[in-house]
Every structure is written in structure tokens, then in C-alpha cells.
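my_file.txt (compact mmCIF, C-alpha atoms) appears below.
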# COMPACT_ATOMS: atom_id res chain seq x y z
CA MET A 1 147.09 245.65 60.74
CA GLY A 2 144.97 248.60 61.74
CA ALA A 3 147.58 251.27 60.98
CA GLY A 4 145.31 253.01 58.49
CA LYS A 5 146.77 251.82 55.18
CA THR A 6 143.43 251.81 53.38
CA SER A 7 141.97 254.97 54.93
CA VAL A 8 145.16 256.97 54.57
CA GLY A 9 145.88 255.53 51.12
CA ARG A 10 142.45 256.55 49.85
CA ALA A 11 142.79 260.05 51.35
CA LEU A 12 146.25 260.46 49.83
CA GLY A 13 144.99 259.25 46.47
CA GLN A 14 142.17 261.81 46.55
CA ARG A 15 144.54 264.58 47.62
CA LEU A 16 146.90 263.81 44.72
CA ASN A 17 144.24 262.77 42.21
CA TRP A 18 145.94 259.37 41.95
CA LEU A 19 144.38 255.94 41.87
CA PHE A 20 144.33 254.01 45.15
CA GLU A 21 144.65 250.25 45.25
CA ASP A 22 144.80 247.80 48.11
CA LEU A 23 147.06 244.90 47.11
CA ASP A 24 144.73 242.52 48.95
CA ASP A 25 141.93 243.52 46.54
CA ARG A 26 144.15 242.67 43.58
CA ILE A 27 145.02 239.34 45.15
CA ALA A 28 141.35 238.52 45.73
CA ALA A 29 140.47 239.44 42.15
CA ARG A 30 143.35 237.36 40.73
CA GLU A 31 142.54 234.37 42.92
CA GLY A 32 138.74 234.59 42.70
CA ARG A 33 138.33 234.44 46.49
CA THR A 34 138.84 236.63 49.53
CA VAL A 35 142.06 236.85 51.48
CA ALA A 36 140.33 235.15 54.41
CA GLU A 37 139.23 232.30 52.11
CA ILE A 38 142.77 231.89 50.77
CA PHE A 39 144.13 231.70 54.34
CA ARG A 40 141.38 229.29 55.43
CA ASP A 41 141.38 227.00 52.39
CA SER A 42 144.99 227.08 51.21
CA GLY A 43 147.04 228.48 54.10
CA GLU A 44 149.31 231.43 54.58
CA SER A 45 152.04 230.11 52.25
CA GLU A 46 149.61 230.08 49.31
CA PHE A 47 148.47 233.58 50.19
CA ARG A 48 152.10 234.78 50.30
CA ARG A 49 152.70 233.24 46.85
CA ALA A 50 149.67 235.08 45.43
CA GLU A 51 150.73 238.26 47.22
CA HIS A 52 154.21 238.13 45.68
CA ALA A 53 152.79 237.64 42.17
CA ALA A 54 150.38 240.55 42.64
CA LEU A 55 153.18 242.77 43.97
CA GLN A 56 155.36 241.93 40.96
CA GLN A 57 152.50 242.91 38.68
CA VAL A 58 151.74 246.22 40.40
CA LEU A 59 155.41 247.20 40.55
CA GLN A 60 155.70 246.54 36.81
CA GLU A 61 152.73 248.85 36.25
CA LEU A 62 154.32 251.53 38.45
CA ARG A 63 157.56 251.26 36.46
CA GLY A 64 155.42 251.90 33.38
CA GLY A 65 154.44 255.28 34.79
CA ALA A 66 151.17 254.59 36.59
CA ALA A 67 150.54 257.17 39.33
CA ARG A 68 148.94 255.32 42.19
CA ILE A 69 148.98 254.71 45.90
CA VAL A 70 149.21 251.02 46.80
CA ALA A 71 148.46 249.67 50.27
CA LEU A 72 150.39 246.53 51.13
CA GLY A 73 149.07 244.11 53.70
CA GLY A 74 150.81 243.88 57.05
CA GLY A 75 152.86 240.84 56.10
CA ALA A 76 153.83 241.84 52.56
CA PHE A 77 156.71 244.07 53.58
CA VAL A 78 158.32 241.47 55.84
CA GLN A 79 158.57 238.71 53.24
CA ASN A 80 162.17 238.60 51.98
CA ASP A 81 161.23 238.21 48.31
CA ASN A 82 158.79 241.15 48.53
CA ALA A 83 161.31 243.29 50.38
CA ALA A 84 163.86 242.59 47.63
CA LEU A 85 161.34 243.63 44.95
CA LEU A 86 160.53 246.86 46.77
CA LYS A 87 164.18 247.66 47.39
CA ALA A 88 165.00 247.16 43.70
CA THR A 89 162.50 249.86 42.69
CA SER A 90 162.63 253.58 43.29
CA VAL A 91 159.08 253.49 44.67
CA PRO A 92 158.92 255.18 48.07
CA THR A 93 157.43 253.16 50.90
CA VAL A 94 155.68 254.53 53.98
CA PHE A 95 155.41 252.82 57.37
CA LEU A 96 152.25 253.91 59.16
CA ASP A 97 152.80 253.32 62.87
CA ALA A 98 150.72 253.66 66.01
CA PRO A 99 150.89 252.25 69.54
CA VAL A 100 150.20 248.52 69.43
CA GLU A 101 147.26 248.89 71.82
CA GLU A 102 145.60 251.36 69.46
CA LEU A 103 146.24 249.09 66.46
CA TRP A 104 144.67 246.18 68.34
CA GLN A 105 141.64 248.28 69.25
CA ARG A 106 141.14 249.45 65.66
CA CYS A 107 141.33 245.88 64.36
CA CYS A 108 138.87 244.62 66.96
CA GLU A 109 136.43 247.43 66.12
CA GLN A 110 136.72 246.73 62.38
CA ALA A 111 136.16 243.02 62.94
CA ALA A 112 133.12 243.67 65.15
CA GLU A 113 131.66 246.01 62.53
CA GLY A 114 132.32 243.50 59.77
CA VAL A 115 134.50 246.08 58.01
CA ALA A 116 137.57 243.85 57.79
CA GLU A 117 138.19 240.15 58.13
CA ARG A 118 141.64 239.63 59.58
CA PRO A 119 142.88 236.02 59.50
CA LEU A 120 145.80 236.75 61.85
CA LEU A 121 143.76 238.61 64.49
CA ARG A 122 143.59 236.13 67.37
CA SER A 123 144.58 237.57 70.74
CA MET A 124 146.27 240.71 72.03
CA GLU A 125 149.34 238.68 73.00
CA GLN A 126 149.68 237.14 69.52
CA PHE A 127 148.96 240.52 67.93
CA ARG A 128 151.74 242.17 69.97
CA GLU A 129 154.17 239.35 69.09
CA LEU A 130 153.36 239.71 65.40
CA TYR A 131 153.78 243.49 65.57
CA ASP A 132 157.11 243.20 67.41
CA LYS A 133 158.33 240.57 64.94
CA ARG A 134 157.41 242.70 61.89
CA ARG A 135 158.38 246.14 63.19
CA GLY A 136 162.06 245.85 62.21
CA SER A 137 161.11 245.18 58.60
CA TYR A 138 158.58 248.02 58.60
CA ALA A 139 161.27 250.39 59.86
CA LYS A 140 163.14 249.87 56.57
CA ALA A 141 160.46 251.86 54.74
CA SER A 142 161.48 255.13 53.10
CA LEU A 143 159.29 257.11 55.49
CA LYS A 144 157.74 256.55 58.91
CA VAL A 145 154.54 258.35 59.90
CA GLN A 146 152.74 258.19 63.24
CA THR A 147 149.00 257.60 62.84
CA GLY A 148 148.02 257.24 66.49
CA SER A 149 145.02 259.41 67.42
CA ARG A 150 145.43 261.53 64.28
CA PRO A 151 142.89 262.44 61.59
CA VAL A 152 143.31 260.60 58.30
CA GLU A 153 143.49 263.85 56.30
CA ALA A 154 146.34 265.17 58.44
CA ILE A 155 148.30 261.96 57.92
CA ALA A 156 147.72 262.09 54.14
CA ALA A 157 148.84 265.74 54.06
CA GLU A 158 152.00 264.89 56.00
CA ILE A 159 152.87 262.06 53.61
CA ALA A 160 152.29 264.24 50.55
CA GLU A 161 154.55 266.90 52.03
CA MET A 162 157.25 264.39 52.99
CA LEU A 163 157.22 263.01 49.44
CA GLY A 164 157.35 266.48 47.91
CA LEU A 165 154.00 265.99 46.20
CA ASN A 166 151.21 268.51 46.04
CA GLU A 167 147.46 268.60 45.63
CA ILE A 168 147.56 269.54 41.95
CA ALA A 169 149.24 266.31 40.90
CA THR A 170 147.45 264.70 38.00
CA ARG A 171 147.27 261.28 36.53
CA THR A 172 146.62 260.03 33.07
CA GLU A 173 143.40 258.24 32.25
CA PRO A 174 143.51 254.69 33.63
CA THR A 175 144.17 251.91 31.19
CA ARG A 176 141.53 249.24 30.60
CA ALA A 177 143.58 246.92 32.81
CA GLU A 178 143.60 249.50 35.60
CA GLN A 179 139.84 249.76 35.24
CA GLY A 180 139.61 246.00 35.78
CA GLU A 181 138.98 245.12 32.14
CA VAL A 182 140.89 242.31 30.47
CA GLU A 183 143.06 243.38 27.57
Write the structure described by the file as C-alpha cells, please.
Amino acid sequence: MGAGKTSVGRALGQRLNWLFEDLDDRIAAREGRTVAEIFRDSGESEFRRAEHAALQQVLQELRGGAARIVALGGGAFVQNDNAALLKATSVPTVFLDAPVEELWQRCCEQAAEGVAERPLLRSMEQFRELYDKRRGSYAKASLKVQTGSRPVEAIAAEIAEMLGLNEIATRTEPTRAEQGEVE
């Protein structure tokens, strides 16, 4: 939480002329309610079920040749079934890291501004425990990039360079499904 997945993902997508998608948005669209509502009304286990189904769907689309940047929520990468799906693909993964105090501050600012509703944002102590618990799984990502006190554009440029991608990358026209239309 707060590492910059959405901001950096959008900037990287613009740089590469690729679509950007936040997996949480796909989950909300599939479920017909927000992530916070799923957590509140059905619990974390139901959210994780929906998350896994959405991840399976997006990975299938990526295998079909879709060029896109996908931001996974903070817990997606640590779920064993999701980790197995990601490992079975050739899709590179990027761990955006920053000092836990900075991540906490970003999340608190976003919550205060109403920018993001974070069901697992409770206290600094719980936040640090969650970060420490998840960090080992995050470290299994293909790449690790420090985001602390860095401009979003610089982070996106570093990721593009690390992945051997350039600014003239192109994508095909999105399918109707990618545009949110039912086929």
C-alpha cells in the first residue's frame, strides 16, 4: 500500500503507449461493488477469491498478446495461488518499495484526501507488521525499484529501462472487452 503502483503504472503506460489497469478496478467491476464494500460486507477471503479470478482473467489476456501494465493490490502477490499463477507466466513483475514510514504517510494522506479507501489501513504498528509479513513475497518479483522520495516519471523511466522497453512501444487497438464492453 502506498508504494505508487497506480501512479507509476499510469506513467509507465503513458511512456510505453500501453493500457494501464488496476486489478482492484477489474475486481470492483466484476463484483459490482468497491473493494472496501467487498471487505466490509463479505470479508477478506471473499475479496481474495474475486482477486484470484480477476488475476486469472487478466493473465489470460496478457498471454493473448495484450500490451498492458497491471497494478496488483498489496495482498495479491502474497497469496500462494496468485504467486503460482504469476510464476507460471513469463510476465515480469516489479516490486515498488519505499521506507515503511513513507508508505504509511502516503496512505494516510490519500485516505485523508479521499483518494483511496484502504480497508487494511488501521495503525502504524499494524501497517508495519503487514509490510514486514508481505515483504518476503514482494522480494520474489522480477525487479525491485525504490520509490521513496522519487518523482513518478523517474521511476517509470527506470522500470522501462530495466525491462528493455522504450518510449516508442506501440499497442494494438483495444478489444471491445478491454474497452469495458461485453462481447
One-decimal distance in Å that lies between CA of Gly65 in chain A and CA of Asp97 in chain A: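 CA of Asp97 in chain A sits 28.2 Å away from CA of Gly65 in chain A.
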Counting all atoms listed in the file, give me one row per residue of range 21-86 of chain A with an atom at most 12 Å from an atom of range 104-120 of chain A, showing the shortest contact pair and its distance in Å to one decimal, sorted by chain then residue number, as JSON lines.
{"residue": "A:Asp24", "atom": "CA", "partner": "A:Arg118", "partner_atom": "CA", "distance": 11.4}
{"residue": "A:Thr34", "atom": "CA", "partner": "A:Glu117", "partner_atom": "CA", "distance": 9.3}
{"residue": "A:Val35", "atom": "CA", "partner": "A:Pro119", "partner_atom": "CA", "distance": 8.1}
{"residue": "A:Ala36", "atom": "CA", "partner": "A:Pro119", "partner_atom": "CA", "distance": 5.8}
{"residue": "A:Glu37", "atom": "CA", "partner": "A:Pro119", "partner_atom": "CA", "distance": 9.0}
{"residue": "A:Ile38", "atom": "CA", "partner": "A:Pro119", "partner_atom": "CA", "distance": 9.7}
{"residue": "A:Phe39", "atom": "CA", "partner": "A:Pro119", "partner_atom": "CA", "distance": 6.8}
{"residue": "A:Arg40", "atom": "CA", "partner": "A:Pro119", "partner_atom": "CA", "distance": 8.0}
{"residue": "A:Asp41", "atom": "CA", "partner": "A:Pro119", "partner_atom": "CA", "distance": 11.6}
{"residue": "A:Gly43", "atom": "CA", "partner": "A:Pro119", "partner_atom": "CA", "distance": 10.2}
{"residue": "A:Glu44", "atom": "CA", "partner": "A:Pro119", "partner_atom": "CA", "distance": 9.3}
{"residue": "A:Phe47", "atom": "CA", "partner": "A:Pro119", "partner_atom": "CA", "distance": 11.1}
{"residue": "A:Gly73", "atom": "CA", "partner": "A:Arg118", "partner_atom": "CA", "distance": 10.5}
{"residue": "A:Gly74", "atom": "CA", "partner": "A:Leu120", "partner_atom": "CA", "distance": 9.9}
{"residue": "A:Gly75", "atom": "CA", "partner": "A:Leu120", "partner_atom": "CA", "distance": 10.0}
Preceding selection exported with C-alpha atoms as a PDB file, in the coordinates of the input:
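Okay, part_33.pdb is ready:
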ATOM      1  CA  ASP A  24     144.730 242.520  48.950  1.00  0.00           C
ATOM      2  CA  THR A  34     138.840 236.630  49.530  1.00  0.00           C
ATOM      3  CA  VAL A  35     142.060 236.850  51.480  1.00  0.00           C
ATOM      4  CA  ALA A  36     140.330 235.150  54.410  1.00  0.00           C
ATOM      5  CA  GLU A  37     139.230 232.300  52.110  1.00  0.00           C
ATOM      6  CA  ILE A  38     142.770 231.890  50.770  1.00  0.00           C
ATOM      7  CA  PHE A  39     144.130 231.700  54.340  1.00  0.00           C
ATOM      8  CA  ARG A  40     141.380 229.290  55.430  1.00  0.00           C
ATOM      9  CA  ASP A  41     141.380 227.000  52.390  1.00  0.00           C
ATOM     10  CA  GLY A  43     147.040 228.480  54.100  1.00  0.00           C
ATOM     11  CA  GLU A  44     149.310 231.430  54.580  1.00  0.00           C
ATOM     12  CA  PHE A  47     148.470 233.580  50.190  1.00  0.00           C
ATOM     13  CA  GLY A  73     149.070 244.110  53.700  1.00  0.00           C
ATOM     14  CA  GLY A  74     150.810 243.880  57.050  1.00  0.00           C
ATOM     15  CA  GLY A  75     152.860 240.840  56.100  1.00  0.00           C
TER      16      GLY A  75
END
As an exercise, work out the distance from CA of Glu153 in chain A to CA of Gly4 in chain A in Å and give it to one decimal place.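 Separating CA of Glu153 in chain A from CA of Gly4 in chain A is a distance of 11.2 Å.
Comparing A:Ala83, A:Thr6, A:Ala98, A:Leu12 by their smallest distance to Glu158 in chain A, the closest is A:Leu12 (using all atoms listed in the file).
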From the options A:Leu85, A:Ile69, A:Leu96, A:Leu23, which residue's atoms come nearest to Val152 in chain A, counting only C-alpha atoms?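 Among the listed residues, A:Leu96 lies closest to Val152 in chain A.
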